[in-house]
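Student: Handing you this structure, nothing more for now.
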Amino acid sequence: MMRHLIGLGLGLLLAGSSVWGQTEEDSVRTRQLIGLRGHSGFIILHSQDLRPIEDSYPWGAELDFGWQYVSKRAWEFCNCYPRAGAALTFWNWDNRTILGHGITAIAYVEPVFLTRHRFNLSIRMGGGPGFLTRPHDPVENPNNLSYSTRLNMTLLVNVGFNYRLTNRWNLRLAANYNHVSNGGLQLPNKGINYPTASLGADYALQEIDFVERAKRLDRRPPEKRLRLYTTLFYSFKNAIPGVARQYGIYGFGGKGVYYVGRWSGLSLGAEWVLDHSRRARIRNENLNLDHQRGSVLVGHQFLLGRVVFSQQFGVYLYDRYQVDDPVYQRIGLLFHFTENFYAGINLKTHRHVADFGDLRVGWVF
């Protein structure tokens with residue numbers, strides 16, 4: 001299941017690059033880049049259970065492969081020049097005994113702004129798999145409550161400050177927010193949330209010429225401004241730490257999205273979840289409670305061609321087994337295979353702690 005989630009996530013992120021596909025007129029208007037940079041940061045202690053790792057200051061070494069889009073069509077999409085690519089990073093968590101080391105592979109999309117100046121600004125969003133070396137073990141590593149599987153899921157958001165030395169060389173300073181966890185598939189799974197600062201350089205294999213273009217002022221919403229998304233989703237997770245059995249999670253929901261701009265929409269929806277891992281916990285505690293939950297959600301989503309990136313905040317209206325926060329967040333990535341049919345991945349979290357990641361399919365009316 002985790003392999004499918006990660007594989008689909010990478011595919012969807014890279015598929016986002018097709019949003020800026022070229023016309024015949026500018027079919028060669030992409031430039032390949034290679035980047036190297038170092039990271040240094042700290043771990044956020046979002047739970048008292050993480051005190052054993054409070055003095056950990058992770059550092060990392062990153063290798064970045066990217067494609068810079070410089071065509072007219074790419075510019076007209078966002079009044080910027082987008083970049084897409086993948087980054088491979090080695091992480092030393094500064095706590096070898098408990099956390100070990102990690103390797104993450106991030107696929108990303110990144111609009112770059114202010115390109116007519118030597119100094120420019122970019123915003124990167126990405127995700128992918130992570131391999132970590134010291135998962136939780138009740139006997140050999142009981143203090144690691146951050147992750148309990150070697151294969152995990154990673155998410156990244158950063159703001160980059162770039163300075164072009166030449167048409168090939170670029171210096172980059174970035175503020176990054178990183179998250180790694182197994183999506184709740186096995187407990188304990190409090191995750192590692194670690195902001196970092198990174199510094200490095202990019203080298204373009206061909207010279208990059210950011211042509212100065214007029215801003216596209218036509219930002220009208222799509223013709224079909226109001227859309228109804230229906231969805232079915234599935235996942236599974238561990239119920240009790242130390243017990244290997246996995247339990248299925250089934251859910252369905254819907255949301256209405258009203259587009260207020262060319263690619264920006266506001267959403268309102270609801271979902272119902274049958275979480276059998278909660279039922280196992282209820283039975284283990286000899287309680288007579290319902291394991292199902294119902295909630296309403298509000299949020300925002302970006303429509304990037306066939307790719308949809310969404311963020312939602314949910315509030316439980318029906319929750320008889322109240323062991324989590326009454327509110328939660330969802331981050332999702334969808335790909336439209338047709339105008340109506342889509343599939344994707346979604347991660348649900350309570351503050352900094354992942355509840356579960358799911359695979360979903362749906363239909364848009």
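Here's how to read the names in the structure tokens: chain A, B, ... by the order shown, residue numbers from 1 in each chain, ligand numbers from 1 in the order shown.
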Could you list, as a list in words, every residue within 7 Å of A:Phe309, counting only C-alpha atoms and ignoring same-chain residues fewer than 6 positions away?
Tutor: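 After dropping sequence-adjacent residues, the list is Gln301, Phe302, Leu303, Gly332, Leu333 and Leu334 of chain A.
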Student: Give me the residues within 10 Å of A:Val353 as a PyMOL selection string, counting only C-alpha atoms and dropping any in the same chain fewer than 6 places off.
Tutor: chain A and resi 46-47+146+179+181+183-184+189-193+328
Student: Do a neighbour search on stretch 78-89 of chain A at 6 Å with only C-alpha atoms, toss out local chain neighbours closer than 6 positions, and write the hits as a list in words.
Tutor: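 These residues fall inside the cut-off: Ala61, Glu62, Leu63, Asp64, Phe65, Gly66, Trp67, Gln68, Tyr69, Val70, Ile103, Thr104, Ala105, Ile106, Ala107, Tyr108, Val109, Glu110, Pro111, Val112, Phe113 and Lys215 of chain A.
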Student: If you keep C-alpha atoms, can you produce a file of those selected residues as a short mmCIF file (atom, residue, chain, number, x, y, z; two decimals), in the first residue's frame?
Tutor:
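Final output, saved to selection.cif:
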```cif
data_model
loop_
_atom_site.label_atom_id
_atom_site.label_comp_id
_atom_site.auth_asym_id
_atom_site.auth_seq_id
_atom_site.Cartn_x
_atom_site.Cartn_y
_atom_site.Cartn_z
CA ALA A 61 23.23 17.06 1.69
CA GLU A 62 20.97 17.45 -1.38
CA LEU A 63 21.40 16.63 -5.07
CA ASP A 64 18.79 18.31 -7.28
CA PHE A 65 17.81 17.59 -10.92
CA GLY A 66 15.41 20.08 -12.48
CA TRP A 67 13.83 21.40 -15.68
CA GLN A 68 13.33 25.13 -15.97
CA TYR A 69 10.44 26.10 -18.28
CA VAL A 70 11.09 29.34 -20.16
CA ILE A 103 17.42 9.31 2.50
CA THR A 104 14.50 11.16 0.91
CA ALA A 105 13.50 11.49 -2.77
CA ILE A 106 11.28 14.49 -3.47
CA ALA A 107 9.49 15.23 -6.75
CA TYR A 108 8.54 18.90 -6.89
CA VAL A 109 6.96 21.76 -8.81
CA GLU A 110 8.22 25.31 -8.29
CA PRO A 111 7.02 28.59 -9.82
CA VAL A 112 9.81 31.18 -10.11
CA PHE A 113 8.90 34.88 -9.87
CA LYS A 215 1.85 39.91 -17.74
#
```
Student: For A:Arg320, work out the shell of residues within 12 Å, counting only C-alpha atoms and skipping chain neighbours fewer than 2 positions away, then give it as a PDB file with C-alpha atoms, in the first residue's frame.
Tutor:
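For reference, out_14.pdb as written:
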```
ATOM      1  CA  ARG A 278     -10.396   2.565  15.740  1.00  0.00           C
ATOM      2  CA  ARG A 279     -12.857  -0.302  16.178  1.00  0.00           C
ATOM      3  CA  ILE A 282     -12.339   0.392  21.132  1.00  0.00           C
ATOM      4  CA  LEU A 287     -15.774   0.220  25.318  1.00  0.00           C
ATOM      5  CA  ASN A 288     -19.179   0.277  23.677  1.00  0.00           C
ATOM      6  CA  LEU A 289     -18.654   3.120  21.195  1.00  0.00           C
ATOM      7  CA  ASP A 290     -19.047   3.681  17.469  1.00  0.00           C
ATOM      8  CA  HIS A 291     -15.824   3.715  15.423  1.00  0.00           C
ATOM      9  CA  GLN A 292     -17.282   5.772  12.552  1.00  0.00           C
ATOM     10  CA  ARG A 293     -16.713   9.494  12.109  1.00  0.00           C
ATOM     11  CA  GLY A 294     -18.410  12.215  10.084  1.00  0.00           C
ATOM     12  CA  TYR A 316     -15.853  16.329  13.366  1.00  0.00           C
ATOM     13  CA  LEU A 317     -19.628  16.494  13.757  1.00  0.00           C
ATOM     14  CA  TYR A 318     -19.960  12.825  14.697  1.00  0.00           C
ATOM     15  CA  GLN A 322     -12.841  11.111  21.004  1.00  0.00           C
ATOM     16  CA  VAL A 323      -9.112  10.391  21.231  1.00  0.00           C
ATOM     17  CA  ASP A 324      -7.928  12.920  18.600  1.00  0.00           C
ATOM     18  CA  PRO A 326     -11.697  17.758  17.074  1.00  0.00           C
TER      19      PRO A 326
END
```
Student: Which residue gives the smallest distance to A:Asn284 among A:Ile249, A:Ala239, A:Val327, A:Ala197, with only C-alpha atoms counted?
Tutor: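 For A:Asn284, the nearest of the given residues is A:Ala239.
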Student: Would you list, as an MDAnalysis selection string, the residues of stretch 134-335 of chain A that end up in alpha helix (DSSP H) under DSSP run on this structure's backbone?
Tutor: chainID A and resid 276:284
Student: For A:Gln186, which residue among A:Arg51, A:Lys72, A:Arg37, A:Lys237 is the nearest when counting only C-alpha atoms?
Tutor: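 Closest candidate: A:Lys237.
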Student: As number ranges by chain, please: all residues of stretch 61-138 of chain A that backbone DSSP puts in strand (DSSP E or B).
Tutor: A: 61-69, 81-92, 101-113, 119-132, 137
Student: Write out as JSON, numbers by chain the residues lying within 9 Å of A:Arg134, counting only C-alpha atoms and excluding same-chain residues fewer than 6 positions away.
Tutor: {"A": [96, 97, 98, 99, 100, 101, 102, 141, 144, 147, 148, 149, 150]}
Student: So which one's closest to A:Val308, A:Glu285, A:Ala74, A:Ala280, A:Phe335? Using only C-alpha atoms, please.
Tutor: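 Using only C-alpha atoms, the shortest distance to A:Val308 belongs to A:Phe335.
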